[in-house]
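J.: My structure is below; once you've seen it, I'll send some questions.
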Amino acid sequence: MIKKAILFPLVGLLLFLLGVELTASLLTTNGRSEASPEKVVPLHVLMEKNRILRKKITDLAPRGVYIVIDTGRNLLYLREGNRTLLQAVISSGSGSILRDPEGGRQWVFDTPRGEFEVKAKVTGPKWIKPDWAFIEEGEKIPKDWKQRVEEGVLGDYALGFGNGYFIHGTLYKRLLGRNVTHGCIRVGDEELSTLFKIARVGTKIYIF
């Protein structure tokens with residue numbers, strides 16, 4: 001079953017298709033179509049279908065402030081009801097695969113899809129480098145955890161949404177708009193600041 005989180009971003013497409021259907025029917029009703037009479041749908045029936053569909057779409061819309069992330073177009077939307085408060089170009093997961101030449105482990109650098117929520121808000125976040133970061137750089141994995149800490153690479157703020165994934169800043173602003181990350185969502189400084197101020201712990205995040 002398709003989740004509401006996935007259905008909601010398709011609102012525009014549904015309305016577009018409905019408009020195409022309505023236009024086609026009007027052309028048929030006005031005699032500009034060669035369709036057989038038994039296929040003609042009365043205008044009042046189409047209008048009622050339109051009303052029902054719009055109500056269903058409205059019911060699917062989340063309440064309050066929420067975040068929608070389109071990993072295909074690398075866009076983030078901060079919305080409140082049907083109103084867009086912020087649109088930002090982002091970078092999301094590359095989908096690349098890294099294999100551990102010694103341990104046989106494997107990592108797929110994808111951004112997870114589905115419904116999530118902001119679980120933590122962090123100011124001045126520090127990156128605790130995981131094993132794959134050292135393997136990717138051709139370095140030995142340190143035994144001392146202090147050697148894993150890096151400052152200044154995640155920007156001024158970070159919003160965690162579970163399993164080590166964050167919406168955070170980036171040093172590589174020229175790469176915004178591309179699928180280049182290890183799964184996290186990178187955002188520009190100004191947009192990240194706005195997002196951090198408005199979003200709260202518990203704010204829903206819909207990723208597709």
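Chain identifiers are assigned as A, B, and so on, following the order in which chains appear in the structure tokens; residues are numbered from 1 within each chain, and ligands are numbered from 1 in order of appearance.
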Considering only C-alpha atoms, give me a table of residues in region 121-162 of chain A that are at most 10 Å from region 99-107 of chain A, with the closest atom pair and distance in Å for each, as CSV.
T.:
```
residue,atom,partner,partner_atom,distance
A:Asp131,CA,A:Asp100,CA,9.4
A:Trp132,CA,A:Trp107,CA,7.6
A:Ile135,CA,A:Asp100,CA,6.8
A:Glu136,CA,A:Asp100,CA,8.7
```
J.: Keeping only N, CA and C atoms, take the residues you just selected and write them out as a compact mmCIF listing (two decimals), in the first residue's frame.
T.:
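part.txt written:
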```txt
# COMPACT_ATOMS: atom_id res chain seq x y z
N ASP A 131 33.26 4.03 10.20
CA ASP A 131 34.31 3.22 9.58
C ASP A 131 34.43 3.46 8.09
N TRP A 132 33.29 3.59 7.40
CA TRP A 132 33.34 3.71 5.95
C TRP A 132 34.09 4.97 5.49
N ILE A 135 37.70 4.05 5.34
CA ILE A 135 37.94 3.10 4.24
C ILE A 135 37.89 3.83 2.91
N GLU A 136 36.93 4.75 2.77
CA GLU A 136 36.78 5.52 1.53
C GLU A 136 38.03 6.37 1.26
```
J.: Extract, using only C-alpha atoms, all DNA, RNA and protein residues at most 9 Å from Leu175 (chain A), discarding same-chain residues fewer than 5 positions from it, and format them as an mmCIF file with N, CA and C atoms, in the first residue's frame.
T.:
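Written out: selection_20.cif:
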```
data_model
loop_
_atom_site.group_PDB
_atom_site.id
_atom_site.type_symbol
_atom_site.label_atom_id
_atom_site.label_comp_id
_atom_site.auth_asym_id
_atom_site.auth_seq_id
_atom_site.Cartn_x
_atom_site.Cartn_y
_atom_site.Cartn_z
ATOM 1 N N ILE A 90 19.151 21.181 -2.614
ATOM 2 C CA ILE A 90 19.896 20.334 -1.682
ATOM 3 C C ILE A 90 20.793 19.358 -2.437
ATOM 4 N N SER A 91 21.543 18.584 -1.674
ATOM 5 C CA SER A 91 22.235 17.407 -2.200
ATOM 6 C C SER A 91 21.763 16.216 -1.391
ATOM 7 N N VAL A 180 25.160 13.490 -4.363
ATOM 8 C CA VAL A 180 26.579 13.252 -4.078
ATOM 9 C C VAL A 180 26.854 12.857 -2.625
#
```
J.: Region 55-98 of chain A near region 112-128 of chain A within 9 Å: what's each residue's closest atom pair and its distance in Å to one decimal, counting only C-alpha atoms, ordered by chain then ascending residue number, as CSV?
T.:
```
residue,atom,partner,partner_atom,distance
A:Tyr66,CA,A:Glu117,CA,8.7
A:Ile67,CA,A:Glu117,CA,8.8
A:Thr71,CA,A:Arg113,CA,8.8
A:Gly93,CA,A:Pro112,CA,8.5
```
J.: Rank A:Ser92, A:Val201, A:Val65, A:Glu151 by their smallest atom-to-atom distance to Gly177 (chain A), using only C-alpha atoms, and report the top residue only.
T.: A:Ser92
J.: Quick one: everything within 12 Å of Asn179 (chain A), counting only C-alpha atoms, minus sequence neighbours fewer than 5 positions away in the same chain. Send it as a list in words.
T.: Asp70, Thr71, Gly72, Arg73, Asn74, Leu75, Val89, Ile90, Ser91, Ser92, Gly93, Ser94, Gly95, Ser96, Phe109, Asp110, Thr111, Cys184, Ile185 and Arg186 of chain A
J.: Kindly save the residues from that selection, with C-alpha atoms included, as a PDB file, in the first residue's frame.
T.:
```
ATOM      1  CA  ASP A  70      12.408  15.389  -3.459  1.00  0.00           C
ATOM      2  CA  THR A  71      15.621  13.382  -3.944  1.00  0.00           C
ATOM      3  CA  GLY A  72      15.060  13.122  -7.678  1.00  0.00           C
ATOM      4  CA  ARG A  73      15.126  16.881  -8.246  1.00  0.00           C
ATOM      5  CA  ASN A  74      17.178  17.602  -5.105  1.00  0.00           C
ATOM      6  CA  LEU A  75      14.690  20.070  -3.671  1.00  0.00           C
ATOM      7  CA  VAL A  89      18.244  23.263  -3.454  1.00  0.00           C
ATOM      8  CA  ILE A  90      19.896  20.334  -1.682  1.00  0.00           C
ATOM      9  CA  SER A  91      22.235  17.407  -2.200  1.00  0.00           C
ATOM     10  CA  SER A  92      21.038  13.895  -1.394  1.00  0.00           C
ATOM     11  CA  GLY A  93      22.400  10.345  -1.499  1.00  0.00           C
ATOM     12  CA  SER A  94      24.551   9.286  -4.433  1.00  0.00           C
ATOM     13  CA  GLY A  95      23.411   5.669  -4.461  1.00  0.00           C
ATOM     14  CA  SER A  96      27.025   4.540  -4.824  1.00  0.00           C
ATOM     15  CA  PHE A 109      24.980   5.567   0.136  1.00  0.00           C
ATOM     16  CA  ASP A 110      21.297   6.253  -0.419  1.00  0.00           C
ATOM     17  CA  THR A 111      18.948   8.699   1.259  1.00  0.00           C
ATOM     18  CA  CYS A 184      22.349  12.820   4.551  1.00  0.00           C
ATOM     19  CA  ILE A 185      20.653  15.931   3.166  1.00  0.00           C
ATOM     20  CA  ARG A 186      22.967  18.920   2.596  1.00  0.00           C
TER      21      ARG A 186
END
```
J.: With DSSP run on the backbone, what are the helix (DSSP H, G or I) residues within region 17-207 of chain A? I'd like them as a ChimeraX atom specification.
T.: /A:17-29,37-39,43-60,131-136,145-148,173-175,189-198
J.: So what do you get for CA of Val153 (chain A) versus CA of Thr84 (chain A), distance-wise?
T.: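 About the pair CA of Val153 (chain A) and CA of Thr84 (chain A): they are 28.5 Å apart.
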J.: Report as an MDAnalysis selection string: the residues of region 14-152 of chain A with a DSSP assignment of strand (DSSP E), based on the backbone of this structure.
T.: chainID A and resid 65:70 75:80 83:93 97:99 106:108 114:117 120:123 126:128 149:151
J.: Atoms to include: C-alpha atoms. Write the selected residues as a PDB file, in the first residue's frame.
T.:
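Heads up, here's the output in result03.pdb:
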```pdb
ATOM      1  CA  VAL A  65       4.613  22.574   9.552  1.00  0.00           C
ATOM      2  CA  TYR A  66       6.328  19.721   7.725  1.00  0.00           C
ATOM      3  CA  ILE A  67       9.265  19.069   5.393  1.00  0.00           C
ATOM      4  CA  VAL A  68       9.100  17.460   1.946  1.00  0.00           C
ATOM      5  CA  ILE A  69      12.311  16.288   0.238  1.00  0.00           C
ATOM      6  CA  ASP A  70      12.408  15.389  -3.459  1.00  0.00           C
ATOM      7  CA  LEU A  75      14.690  20.070  -3.671  1.00  0.00           C
ATOM      8  CA  LEU A  76      13.530  20.585  -0.097  1.00  0.00           C
ATOM      9  CA  TYR A  77      10.249  22.269   0.808  1.00  0.00           C
ATOM     10  CA  LEU A  78       9.317  23.561   4.233  1.00  0.00           C
ATOM     11  CA  ARG A  79       5.543  23.792   4.212  1.00  0.00           C
ATOM     12  CA  GLU A  80       2.673  24.707   6.488  1.00  0.00           C
ATOM     13  CA  ARG A  83       1.654  27.021   1.901  1.00  0.00           C
ATOM     14  CA  THR A  84       5.372  26.804   1.031  1.00  0.00           C
ATOM     15  CA  LEU A  85       7.501  28.636   3.597  1.00  0.00           C
ATOM     16  CA  LEU A  86      10.867  27.719   2.088  1.00  0.00           C
ATOM     17  CA  GLN A  87      12.238  26.040  -1.017  1.00  0.00           C
ATOM     18  CA  ALA A  88      15.889  25.000  -1.046  1.00  0.00           C
ATOM     19  CA  VAL A  89      18.244  23.263  -3.454  1.00  0.00           C
ATOM     20  CA  ILE A  90      19.896  20.334  -1.682  1.00  0.00           C
ATOM     21  CA  SER A  91      22.235  17.407  -2.200  1.00  0.00           C
ATOM     22  CA  SER A  92      21.038  13.895  -1.394  1.00  0.00           C
ATOM     23  CA  GLY A  93      22.400  10.345  -1.499  1.00  0.00           C
ATOM     24  CA  ILE A  97      28.361   1.386  -3.161  1.00  0.00           C
ATOM     25  CA  LEU A  98      31.504   1.056  -1.047  1.00  0.00           C
ATOM     26  CA  ARG A  99      33.005  -2.314  -0.168  1.00  0.00           C
ATOM     27  CA  GLN A 106      29.342  -3.082   2.158  1.00  0.00           C
ATOM     28  CA  TRP A 107      27.626   0.309   2.317  1.00  0.00           C
ATOM     29  CA  VAL A 108      25.044   1.781  -0.067  1.00  0.00           C
ATOM     30  CA  GLY A 114       9.412   7.397   3.526  1.00  0.00           C
ATOM     31  CA  GLU A 115       7.933   9.232   6.485  1.00  0.00           C
ATOM     32  CA  PHE A 116      10.238  10.429   9.268  1.00  0.00           C
ATOM     33  CA  GLU A 117      10.341  13.172  11.877  1.00  0.00           C
ATOM     34  CA  ALA A 120      17.089  16.065  17.339  1.00  0.00           C
ATOM     35  CA  LYS A 121      18.235  19.645  16.697  1.00  0.00           C
ATOM     36  CA  VAL A 122      21.948  20.304  17.083  1.00  0.00           C
ATOM     37  CA  THR A 123      23.839  23.600  17.037  1.00  0.00           C
ATOM     38  CA  LYS A 126      30.492  17.570  15.063  1.00  0.00           C
ATOM     39  CA  TRP A 127      30.901  14.703  12.651  1.00  0.00           C
ATOM     40  CA  ILE A 128      31.817  11.387  14.253  1.00  0.00           C
ATOM     41  CA  VAL A 149      35.689  13.675  15.550  1.00  0.00           C
ATOM     42  CA  GLU A 150      35.705  16.383  12.868  1.00  0.00           C
ATOM     43  CA  GLU A 151      34.397  19.903  13.392  1.00  0.00           C
TER      44      GLU A 151
END
```
J.: Can you tell me how far CA of His182 (chain A) sits from CA of Phe166 (chain A), in Å to one decimal?
T.: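 Atom-to-atom, CA of His182 (chain A) to CA of Phe166 (chain A), that is 10.6 Å.
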